[in-house]
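Structure file work_25.pdb (PDB, C-alpha atoms) is printed below.
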```pdb
ATOM      1  CA  MET Y  11     105.562  63.866 -14.483
ATOM      2  CA  LYS Y  12     103.928  60.581 -13.550
ATOM      3  CA  LYS Y  13     104.650  58.605 -10.415
ATOM      4  CA  ARG Y  14     107.469  56.080 -10.808
ATOM      5  CA  PRO Y  15     107.781  52.845  -8.855
ATOM      6  CA  ILE Y  16     111.069  52.617  -6.961
ATOM      7  CA  THR Y  17     112.068  49.629  -9.108
ATOM      8  CA  VAL Y  18     111.369  51.582 -12.315
ATOM      9  CA  ALA Y  19     113.451  54.494 -11.056
ATOM     10  CA  ILE Y  20     116.324  52.114 -10.347
ATOM     11  CA  VAL Y  21     116.142  50.441 -13.756
ATOM     12  CA  GLY Y  22     115.910  53.814 -15.493
ATOM     13  CA  ALA Y  23     118.894  55.129 -13.572
ATOM     14  CA  VAL Y  24     121.084  52.146 -14.353
ATOM     15  CA  LEU Y  25     120.246  52.358 -18.066
ATOM     16  CA  ALA Y  26     121.229  56.020 -18.059
ATOM     17  CA  ALA Y  27     124.439  55.268 -16.174
ATOM     18  CA  THR Y  28     125.318  52.492 -18.610
ATOM     19  CA  ALA Y  29     124.796  54.821 -21.557
ATOM     20  CA  LEU Y  30     127.049  57.459 -20.001
ATOM     21  CA  THR Y  31     129.873  55.001 -19.365
ATOM     22  CA  GLY Y  32     129.843  53.855 -23.013
ATOM     23  CA  CYS Y  33     131.898  50.850 -24.030
ATOM     24  CA  GLY Y  34     133.893  50.959 -20.843
ATOM     25  CA  GLY Y  35     130.941  49.611 -18.829
ATOM     26  CA  ALA Y  36     129.465  50.812 -15.582
ATOM     27  CA  THR Y  37     131.293  51.081 -12.311
ATOM     28  CA  PRO Y  38     130.988  47.742 -10.483
ATOM     29  CA  GLY Y  39     128.642  47.409  -7.520
ATOM     30  CA  LEU Y  40     129.561  47.104  -3.868
ATOM     31  CA  SER Y  41     129.912  44.005  -1.746
ATOM     32  CA  ALA Y  42     127.387  43.296   1.001
ATOM     33  CA  ALA Y  43     130.170  43.256   3.615
ATOM     34  CA  SER Y  44     131.077  46.901   2.928
ATOM     35  CA  LEU Y  45     127.566  48.239   3.533
ATOM     36  CA  PRO Y  46     125.847  49.431   6.729
ATOM     37  CA  THR Y  47     123.502  47.181   8.659
ATOM     38  CA  ALA Y  48     119.792  47.753   8.137
ATOM     39  CA  SER Y  49     117.748  48.958  11.094
ATOM     40  CA  GLY Y  50     115.449  46.624  13.002
ATOM     41  CA  PRO Y  51     115.296  42.836  13.116
ATOM     42  CA  VAL Y  52     115.696  40.818   9.936
ATOM     43  CA  ARG Y  53     112.127  39.803   9.209
ATOM     44  CA  PRO Y  54     109.880  40.107   6.169
ATOM     45  CA  PRO Y  55     107.503  43.046   5.887
ATOM     46  CA  THR Y  56     103.899  42.424   6.846
ATOM     47  CA  VAL Y  57     100.512  43.419   5.474
ATOM     48  CA  ALA Y  58      97.971  45.112   7.732
ATOM     49  CA  ARG Y  59      94.508  43.905   6.714
ATOM     50  CA  GLY Y  60      91.406  46.027   7.105
ATOM     51  CA  LEU Y  61      89.841  49.197   5.758
ATOM     52  CA  PRO Y  62      91.399  52.564   6.586
ATOM     53  CA  ALA Y  63      89.473  55.067   8.662
ATOM     54  CA  GLU Y  64      87.446  57.675   6.785
ATOM     55  CA  ARG Y  65      89.748  60.365   8.128
ATOM     56  CA  ASP Y  66      92.639  58.705   6.234
ATOM     57  CA  LEU Y  67      90.950  58.810   2.829
ATOM     58  CA  THR Y  68      92.562  62.087   1.747
ATOM     59  CA  ALA Y  69      96.037  60.826   2.647
ATOM     60  CA  MET Y  70      95.322  57.537   0.842
ATOM     61  CA  VAL Y  71      94.228  59.163  -2.414
ATOM     62  CA  LEU Y  72      96.530  62.206  -2.186
ATOM     63  CA  PRO Y  73      99.670  60.956  -0.411
ATOM     64  CA  ALA Y  74     102.181  63.570   0.709
ATOM     65  CA  THR Y  75     104.586  61.410   2.769
ATOM     66  CA  GLY Y  76     106.163  58.001   2.555
ATOM     67  CA  THR Y  77     103.944  56.806   5.384
ATOM     68  CA  ASP Y  78     100.853  58.049   3.502
ATOM     69  CA  SER Y  79     101.993  56.062   0.488
ATOM     70  CA  ARG Y  80     101.467  52.768   2.329
ATOM     71  CA  LEU Y  81      97.697  53.295   2.129
ATOM     72  CA  THR Y  82      98.053  54.429  -1.489
ATOM     73  CA  GLN Y  83      99.903  51.213  -2.260
ATOM     74  CA  GLY Y  84      97.031  49.437  -0.535
ATOM     75  CA  LEU Y  85      94.557  51.138  -2.859
ATOM     76  CA  ASP Y  86      96.449  50.128  -5.999
ATOM     77  CA  GLY Y  87      97.115  46.678  -4.572
ATOM     78  CA  PHE Y  88      93.399  46.230  -3.949
ATOM     79  CA  ALA Y  89      92.674  47.062  -7.593
ATOM     80  CA  GLN Y  90      95.191  44.394  -8.577
ATOM     81  CA  LEU Y  91      93.523  41.890  -6.217
ATOM     82  CA  VAL Y  92      90.119  42.549  -7.757
ATOM     83  CA  GLY Y  93      91.533  42.053 -11.246
ATOM     84  CA  HIS Y  94      93.441  38.940 -10.220
ATOM     85  CA  ASN Y  95      90.356  37.405  -8.639
ATOM     86  CA  ARG Y  96      88.218  38.159 -11.705
ATOM     87  CA  LEU Y  97      90.854  36.568 -13.954
ATOM     88  CA  GLN Y  98      90.982  33.427 -11.817
ATOM     89  CA  GLU Y  99      87.177  33.137 -11.717
ATOM     90  CA  CYS Y 100      86.986  33.541 -15.499
ATOM     91  CA  ALA Y 101      89.542  30.775 -16.110
ATOM     92  CA  GLN Y 102      87.860  28.487 -13.592
ATOM     93  CA  ARG Y 103      84.457  28.928 -15.254
ATOM     94  CA  ALA Y 104      85.993  27.992 -18.599
ATOM     95  CA  GLY Y 105      87.896  25.013 -17.171
ATOM     96  CA  ALA Y 106      91.140  26.515 -18.429
ATOM     97  CA  ARG Y 107      94.522  27.051 -16.836
ATOM     98  CA  PRO Y 108      94.903  30.705 -15.769
ATOM     99  CA  PRO Y 109      97.555  32.663 -17.674
ATOM    100  CA  GLU Y 110     100.831  33.364 -15.909
ATOM    101  CA  VAL Y 111     100.719  37.022 -14.948
ATOM    102  CA  PRO Y 112     102.603  39.045 -12.320
ATOM    103  CA  PRO Y 113     100.944  38.532  -8.920
ATOM    104  CA  PRO Y 114      99.392  41.522  -7.148
ATOM    105  CA  ALA Y 115     101.955  43.470  -5.144
ATOM    106  CA  TYR Y 116     102.394  46.646  -3.126
ATOM    107  CA  ILE Y 117     105.059  48.811  -4.755
ATOM    108  CA  GLY Y 118     106.454  52.134  -3.521
ATOM    109  CA  TRP Y 119     107.272  55.252  -5.559
ATOM    110  CA  SER Y 120     110.521  57.141  -5.902
ATOM    111  CA  ASP Y 121     108.927  60.566  -5.396
ATOM    112  CA  LEU Y 122     107.378  59.401  -2.085
ATOM    113  CA  PRO Y 123     110.099  57.302  -0.464
ATOM    114  CA  ASP Y 124     108.880  55.339   2.554
ATOM    115  CA  LEU Y 125     112.121  55.610   4.496
ATOM    116  CA  GLY Y 126     110.836  53.485   7.372
ATOM    117  CA  PHE Y 127     110.296  50.622   4.917
ATOM    118  CA  ILE Y 128     113.409  51.219   2.807
ATOM    119  CA  GLY Y 129     115.622  51.416   5.883
ATOM    120  CA  ARG Y 130     114.556  47.905   6.919
ATOM    121  CA  HIS Y 131     113.996  46.121   3.615
ATOM    122  CA  GLY Y 132     115.965  47.900   0.909
ATOM    123  CA  LEU Y 133     114.902  49.493  -2.355
ATOM    124  CA  THR Y 134     114.027  46.581  -4.629
ATOM    125  CA  MET Y 135     111.531  44.647  -2.520
ATOM    126  CA  SER Y 136     107.837  44.640  -3.335
ATOM    127  CA  VAL Y 137     105.328  43.139  -0.900
ATOM    128  CA  PRO Y 138     102.937  40.426  -2.154
ATOM    129  CA  ALA Y 139      99.313  41.527  -1.893
ATOM    130  CA  LEU Y 140      97.945  37.973  -2.003
ATOM    131  CA  PRO Y 141      97.741  36.179   1.359
ATOM    132  CA  SER Y 142     100.308  33.380   1.604
ATOM    133  CA  ALA Y 143      97.567  30.746   1.609
ATOM    134  CA  SER Y 144      96.075  31.955  -1.685
ATOM    135  CA  PRO Y 145      96.281  29.772  -4.810
ATOM    136  CA  SER Y 146      99.362  30.419  -6.908
ATOM    137  CA  GLY Y 147      97.392  30.784 -10.137
ATOM    138  CA  ARG Y 148      98.813  27.586 -11.666
ATOM    139  CA  ALA Y 149      95.647  25.568 -11.259
ATOM    140  CA  ALA Y 150      95.077  22.500 -13.394
ATOM    141  CA  GLY Y 151      93.140  22.844 -16.630
ATOM    142  CA  ARG Y 152      93.618  22.912 -20.340
ATOM    143  CA  THR Y 153      95.796  25.564 -21.908
ATOM    144  CA  ASP Y 154      93.538  27.670 -24.100
ATOM    145  CA  ARG Y 155      95.222  30.866 -25.176
ATOM    146  CA  ALA Y 156      91.995  32.438 -26.438
ATOM    147  CA  VAL Y 157      90.335  31.875 -23.070
ATOM    148  CA  GLN Y 158      93.415  33.138 -21.256
ATOM    149  CA  GLN Y 159      93.435  36.352 -23.283
ATOM    150  CA  ARG Y 160      89.733  36.867 -22.654
ATOM    151  CA  CYS Y 161      90.235  36.340 -18.921
ATOM    152  CA  GLU Y 162      93.215  38.705 -18.824
ATOM    153  CA  THR Y 163      91.032  41.367 -20.447
ATOM    154  CA  GLU Y 164      88.253  40.678 -17.964
ATOM    155  CA  GLY Y 165      90.687  41.046 -15.069
ATOM    156  CA  ARG Y 166      92.166  44.295 -16.394
ATOM    157  CA  THR Y 167      88.675  45.693 -16.924
ATOM    158  CA  ALA Y 168      87.636  44.861 -13.345
ATOM    159  CA  ALA Y 169      90.756  46.521 -11.941
ATOM    160  CA  LYS Y 170      90.263  49.585 -14.120
ATOM    161  CA  GLU Y 171      86.618  49.951 -13.095
ATOM    162  CA  PHE Y 172      87.715  50.235  -9.477
ATOM    163  CA  LYS Y 173      90.655  52.552 -10.202
ATOM    164  CA  ASP Y 174      88.395  54.818 -12.238
ATOM    165  CA  LEU Y 175      86.741  55.823  -8.957
ATOM    166  CA  TYR Y 176      89.839  57.643  -7.689
ATOM    167  CA  SER Y 177      92.413  57.852 -10.481
ATOM    168  CA  PRO Y 178      90.936  60.947 -12.227
ATOM    169  CA  LEU Y 179      91.457  63.036  -9.092
ATOM    170  CA  GLN Y 180      94.691  61.300  -8.126
ATOM    171  CA  SER Y 181      96.176  61.835 -11.587
ATOM    172  CA  LEU Y 182      95.846  65.585 -10.999
ATOM    173  CA  TRP Y 183      97.724  65.227  -7.716
ATOM    174  CA  TRP Y 184     100.819  63.382  -8.974
ATOM    175  CA  PRO Y 185     102.243  66.414 -10.833
ATOM    176  CA  GLU Y 186     101.999  68.346  -7.565
ATOM    177  CA  VAL Y 187     104.084  65.664  -5.854
ATOM    178  CA  SER Y 188     106.700  65.682  -8.602
ATOM    179  CA  ALA Y 189     106.826  69.482  -8.678
ATOM    180  CA  VAL Y 190     108.278  69.534  -5.164
ATOM    181  CA  ARG Y 191     111.524  68.164  -6.580
ATOM    182  CA  ASP Y 192     111.967  71.442  -8.470
ATOM    183  CA  ASP Y 193     111.420  73.626  -5.407
ATOM    184  CA  PRO Y 194     114.764  75.379  -4.650
ATOM    185  CA  ARG Y 195     114.553  74.276  -1.002
ATOM    186  CA  ALA Y 196     114.108  70.651  -2.016
ATOM    187  CA  ARG Y 197     116.919  70.862  -4.563
ATOM    188  CA  GLU Y 198     119.268  72.297  -1.971
ATOM    189  CA  ALA Y 199     118.388  69.536   0.492
ATOM    190  CA  LEU Y 200     118.943  66.806  -2.099
ATOM    191  CA  ARG Y 201     122.429  68.135  -2.854
ATOM    192  CA  THR Y 202     123.512  66.799   0.542
ATOM    193  CA  LEU Y 203     122.774  63.197  -0.470
ATOM    194  CA  PRO Y 204     126.108  62.257  -2.155
ATOM    195  CA  GLY Y 205     128.191  63.641   0.704
ATOM    196  CA  CYS Y 206     126.122  61.807   3.283
ATOM    197  CA  LEU Y 207     126.307  58.522   1.359
ATOM    198  CA  THR Y 208     130.092  58.865   1.227
ATOM    199  CA  ARG Y 209     130.128  58.464   5.010
ATOM    200  CA  TYR Y 210     128.613  55.003   4.442
ATOM    201  CA  GLY Y 211     131.199  54.066   1.821
ATOM    202  CA  VAL Y 212     128.850  54.762  -1.084
ATOM    203  CA  GLU Y 213     130.377  56.985  -3.769
ATOM    204  CA  VAL Y 214     127.838  58.440  -6.226
ATOM    205  CA  GLU Y 215     127.255  61.823  -7.858
ATOM    206  CA  ASP Y 216     123.499  62.038  -7.360
ATOM    207  CA  GLU Y 217     120.332  60.081  -6.588
ATOM    208  CA  ASP Y 218     120.098  58.541 -10.053
ATOM    209  CA  GLY Y 219     123.685  57.391  -9.690
ATOM    210  CA  PHE Y 220     122.739  55.782  -6.387
ATOM    211  CA  PHE Y 221     119.789  53.940  -7.944
ATOM    212  CA  ALA Y 222     122.107  52.687 -10.694
ATOM    213  CA  LEU Y 223     124.555  51.468  -8.054
ATOM    214  CA  VAL Y 224     121.763  49.607  -6.262
ATOM    215  CA  ASP Y 225     120.881  47.787  -9.465
ATOM    216  CA  ARG Y 226     124.485  46.866 -10.290
ATOM    217  CA  THR Y 227     125.146  45.712  -6.749
ATOM    218  CA  VAL Y 228     122.015  43.613  -6.243
ATOM    219  CA  GLN Y 229     122.080  42.122  -9.751
ATOM    220  CA  GLY Y 230     125.802  41.417  -9.521
ATOM    221  CA  ILE Y 231     125.606  39.208  -6.401
ATOM    222  CA  GLU Y 232     124.762  35.599  -7.259
ATOM    223  CA  ASP Y 233     123.999  34.479  -3.722
ATOM    224  CA  GLY Y 234     120.376  35.404  -2.995
ATOM    225  CA  ALA Y 235     120.851  35.982   0.729
ATOM    226  CA  GLU Y 236     123.877  38.203   0.111
ATOM    227  CA  ALA Y 237     121.966  40.185  -2.522
ATOM    228  CA  VAL Y 238     119.153  40.793  -0.027
ATOM    229  CA  ARG Y 239     121.666  41.856   2.609
ATOM    230  CA  ALA Y 240     123.316  44.272   0.162
ATOM    231  CA  ASP Y 241     119.939  45.722  -0.805
ATOM    232  CA  ARG Y 242     119.029  46.218   2.857
ATOM    233  CA  GLY Y 243     122.396  47.820   3.570
ATOM    234  CA  LEU Y 244     122.026  50.266   0.697
ATOM    235  CA  GLY Y 245     118.475  50.944   1.838
ATOM    236  CA  ALA Y 246     119.714  51.712   5.342
ATOM    237  CA  ALA Y 247     122.247  54.213   3.986
ATOM    238  CA  TYR Y 248     119.664  55.809   1.687
ATOM    239  CA  ALA Y 249     117.073  56.093   4.463
ATOM    240  CA  ALA Y 250     119.561  57.721   6.831
ATOM    241  CA  CYS Y 251     120.727  60.221   4.228
ATOM    242  CA  MET Y 252     117.285  60.999   2.846
ATOM    243  CA  THR Y 253     115.754  61.681   6.267
ATOM    244  CA  PRO Y 254     116.874  65.353   6.304
ATOM    245  CA  VAL Y 255     115.844  65.670   2.643
ATOM    246  CA  GLU Y 256     112.356  64.399   3.377
ATOM    247  CA  ALA Y 257     112.214  66.678   6.417
ATOM    248  CA  VAL Y 258     112.289  69.522   3.877
ATOM    249  CA  ARG Y 259     110.145  67.957   1.157
ATOM    250  CA  GLU Y 260     107.295  66.525   3.245
ATOM    251  CA  PRO Y 261     106.064  69.908   4.552
ATOM    252  CA  LEU Y 262     106.201  71.263   0.994
ATOM    253  CA  ARG Y 263     104.080  68.376  -0.293
ATOM    254  CA  THR Y 264     101.693  68.642   2.657
ATOM    255  CA  ALA Y 265     101.169  72.359   2.003
ATOM    256  CA  ARG Y 266     100.464  71.615  -1.647
ATOM    257  CA  ARG Y 267      97.976  68.924  -0.613
ATOM    258  CA  THR Y 268      96.142  71.342   1.683
ATOM    259  CA  ALA Y 269      95.729  73.780  -1.205
ATOM    260  CA  PHE Y 270      94.846  70.992  -3.656
ATOM    261  CA  ALA Y 271      92.216  69.510  -1.322
ATOM    262  CA  ALA Y 272      90.612  72.928  -0.869
ATOM    263  CA  GLU Y 273      90.522  73.436  -4.628
ATOM    264  CA  HIS Y 274      89.009  69.982  -5.189
ATOM    265  CA  ARG Y 275      86.760  69.866  -2.130
ATOM    266  CA  ASP Y 276      83.680  68.728  -4.069
ATOM    267  CA  GLU Y 277      85.506  65.868  -5.805
ATOM    268  CA  LEU Y 278      86.902  64.668  -2.477
ATOM    269  CA  ARG Y 279      83.487  64.729  -0.838
ATOM    270  CA  ALA Y 280      82.002  62.754  -3.715
ATOM    271  CA  LEU Y 281      84.840  60.225  -3.442
ATOM    272  CA  GLU Y 282      84.366  59.893   0.322
ATOM    273  CA  ALA Y 283      80.734  58.908  -0.300
ATOM    274  CA  VAL Y 284      81.555  56.041  -2.674
ATOM    275  CA  LEU Y 285      85.106  54.727  -2.236
ATOM    276  CA  LEU Y 286      84.975  52.876   1.090
ATOM    277  CA  PRO Y 287      81.493  51.424   0.420
ATOM    278  CA  ARG Y 288      82.742  50.171  -2.957
ATOM    279  CA  ILE Y 289      85.756  48.542  -1.333
ATOM    280  CA  ARG Y 290      83.471  46.749   1.130
ATOM    281  CA  GLU Y 291      81.239  45.601  -1.736
ATOM    282  CA  LEU Y 292      84.177  44.234  -3.730
ATOM    283  CA  GLU Y 293      85.623  42.523  -0.660
ATOM    284  CA  GLN Y 294      82.393  40.598  -0.230
ATOM    285  CA  ARG Y 295      81.942  39.881  -3.923
ATOM    286  CA  HIS Y 296      85.473  38.626  -4.583
ATOM    287  CA  GLY Y 297      86.520  37.309  -1.199
ATOM    288  CA  VAL Y 298      89.501  39.673  -0.991
ATOM    289  CA  THR Y 299      90.576  41.991   1.813
ATOM    290  CA  PHE Y 300      91.962  45.505   1.662
ATOM    291  CA  GLY Y 301      95.466  45.716   3.097
ATOM    292  CA  HIS Y 302      98.612  47.815   3.024
ATOM    293  CA  PRO Y 303     102.304  47.120   3.645
ATOM    294  CA  VAL Y 304     103.961  47.929   6.963
ATOM    295  CA  PRO Y 305     107.663  47.668   7.776
TER     296      PRO Y 305
END
```
Please go through the file and, once you have read it, give me the structure as structure tokens.
Amino acid sequence: MKKRPITVAIVGAVLAATALTGCGGATPGLSAASLPTASGPVRPPTVARGLPAERDLTAMVLPATGTDSRLTQGLDGFAQLVGHNRLQECAQRAGARPPEVPPPAYIGWSDLPDLGFIGRHGLTMSVPALPSASPSGRAAGRTDRAVQQRCETEGRTAAKEFKDLYSPLQSLWWPEVSAVRDDPRAREALRTLPGCLTRYGVEVEDEDGFFALVDRTVQGIEDGAEAVRADRGLGAAYAACMTPVEAVREPLRTARRTAFAAEHRDELRALEAVLLPRIRELEQRHGVTFGHPVP
């Protein structure tokens, strides 16, 4: 099973819930007023800029906890930044308007929930990887679709070249992360989620049902500020109820990582020799900076 972004998990869950309810439609979402208050002050998440320490490389490439996943998001976000920069440079050289593409962003995964982040900011927020002062990508120039397509390809190729450094090893790790869900201890812990959510006024049968409820609730509120507040409230409930679940699952994933790292010791050593130097090289070449989201 491949890693799934939180937003993809939510969309998938709501589609499944809609199919199950048939013509009668899905159960309506909740109102923001009925939800718990998110922890911490209401402020946007931040991005910590700078390279990770060498000792953190294993956790970055082979994340086992939600906190680990922040560096992993940084790694994928950096690949997006490299591709974005190459696309912009290509369009500028050709004197063409860059194509409108999704901006680089740090996005979490459902199998590695960062409860510290979710508890403050909800489940649907992604963090922009571009600094706020960066160009929006809507620079002046002629619209030349052929040039735009060529530049999109150039950007994707640049991002892929960087990801090819670590993705072969990482792709072997993701099934280990997903396999923890099927561990009887993890399954038993996850069964407590619906009952816990009930104490927060959230009635669902399982985690997928909760993700579907998040989508219906957030999408069903027209006022943007209220939608954000509802998302944060649902995130606060989810984080509180998933804390004991993750207390069971994190040691299981960490034990798997220890065994995986021992089995792939040579690949990790080879990656340690090239990954951070390559990041430094690309930072200088493209004028971008490695970063990762923090709550």
request  = Given the file shown, determine the residues that the PyMOL selection byres ((chain Y and resi 210) around 10) selects; report them as a VMD selection string.
outcome  = chain Y and resid 44 to 46 205 to 209 211 to 213 243 to 244 246 to 248 250 to 251
Gap from atom CA of Y:Arg53 to atom CA of Y:Val304 - Å, one decimal = 11.7 Å
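Using only C-alpha atoms, the nearest neighbour of Y:Val57 within the list Y:Glu232, Y:Pro141, Y:Pro109, Y:Ser79 is Y:Pro141.
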I need the residue set behind the PyMOL selection byres ((chain Y and resi 140) around 8) for this file; please write it as an mmCIF file with C-alpha atoms, keeping the file's coordinate frame.
```cif
data_model
loop_
_atom_site.group_PDB
_atom_site.id
_atom_site.type_symbol
_atom_site.label_atom_id
_atom_site.label_comp_id
_atom_site.auth_asym_id
_atom_site.auth_seq_id
_atom_site.Cartn_x
_atom_site.Cartn_y
_atom_site.Cartn_z
ATOM 1 C CA LEU Y 91 93.523 41.890 -6.217
ATOM 2 C CA PRO Y 113 100.944 38.532 -8.920
ATOM 3 C CA PRO Y 114 99.392 41.522 -7.148
ATOM 4 C CA ALA Y 115 101.955 43.470 -5.144
ATOM 5 C CA PRO Y 138 102.937 40.426 -2.154
ATOM 6 C CA ALA Y 139 99.313 41.527 -1.893
ATOM 7 C CA PRO Y 141 97.741 36.179 1.359
ATOM 8 C CA SER Y 142 100.308 33.380 1.604
ATOM 9 C CA SER Y 144 96.075 31.955 -1.685
#
```
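Once stretch 170-183 of chain Y and its same-chain neighbours fewer than 6 positions away are set aside, Lys12, Val71, Leu72, Pro73, Leu85, Asp86, Phe88, Ala89, Val92, Gly93, Arg267, Phe270, His274, Glu277, Leu278, Leu281, Val284, Leu285, Arg288 and Ile289 of chain Y remain within 9 Å of it when counting only C-alpha atoms.
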Output C-alpha atoms for every residue in the selection just made, as a tab-separated table (two decimals), in the coordinates of the input.
```
chain	number	residue	atom	x	y	z
Y	12	LYS	CA	103.93	60.58	-13.55
Y	71	VAL	CA	94.23	59.16	-2.41
Y	72	LEU	CA	96.53	62.21	-2.19
Y	73	PRO	CA	99.67	60.96	-0.41
Y	85	LEU	CA	94.56	51.14	-2.86
Y	86	ASP	CA	96.45	50.13	-6.00
Y	88	PHE	CA	93.40	46.23	-3.95
Y	89	ALA	CA	92.67	47.06	-7.59
Y	92	VAL	CA	90.12	42.55	-7.76
Y	93	GLY	CA	91.53	42.05	-11.25
Y	267	ARG	CA	97.98	68.92	-0.61
Y	270	PHE	CA	94.85	70.99	-3.66
Y	274	HIS	CA	89.01	69.98	-5.19
Y	277	GLU	CA	85.51	65.87	-5.80
Y	278	LEU	CA	86.90	64.67	-2.48
Y	281	LEU	CA	84.84	60.22	-3.44
Y	284	VAL	CA	81.56	56.04	-2.67
Y	285	LEU	CA	85.11	54.73	-2.24
Y	288	ARG	CA	82.74	50.17	-2.96
Y	289	ILE	CA	85.76	48.54	-1.33
```
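Between atom CA of Y:Pro287 and atom CA of Y:Arg65 the separation is 14.4 Å.
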inquiry  = Could you list, as a VMD selection string, every residue matched by the PyMOL selection byres ((chain Y and resi 123) around 10) in this structure?
reply    = chain Y and resid 15 to 16 75 to 77 79 118 to 122 124 to 128 133 248 to 249 252 to 253 256
message = Just the number, please: distance in Å from atom CA of Y:Ser136 to atom CA of Y:Thr299, one decimal.
response = 18.2 Å
How big is the axis-aligned box around all listed atoms of stretch 178-192 of chain Y once 8 Å goes on each side, and where's its centre, in Å to one decimal, as lines of an AutoDock Vina configuration file?
```
center_x = 101.5
center_y = 66.2
center_z = -8.7
size_x = 37.0
size_y = 26.5
size_z = 23.1
```
task = Might you pull out every residue within 10 Å of stretch 190-195 of chain Y, with all atoms listed in the file counted and same-chain residues fewer than 3 positions away left off, and present them as a ChimeraX atom specification?
result = /Y:121,185-187,198-200,255,258-263,266
key: Of the listed residues Y:Pro62, Y:Pro54, Y:Gly230, Y:Gly219, that which approaches Y:Met135 most closely, counting only C-alpha atoms   = Y:Pro54
message = Between Y:Cys161, Y:Ala69, Y:Ala156, Y:Leu81, which residue has the minimum interatomic distance to Y:Glu99, considering only C-alpha atoms?
response = Y:Cys161
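Proximity to Y:Glu162 was assessed for Y:Arg103, Y:Arg96, Y:His131, Y:Arg279 counting only C-alpha atoms; the smallest distance is recorded for Y:Arg96.
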remark   = With distances taken over only C-alpha atoms, the candidate from Y:Val111, Y:Met70, Y:Ala240, Y:Ala58 nearest Y:Thr227 is Y:Ala240
ask   = Which is closer to Y:Arg130 than all the others in Y:Thr268, Y:Thr56, Y:Gln294, Y:Thr167, using all atoms listed in the file?
value = Y:Thr56
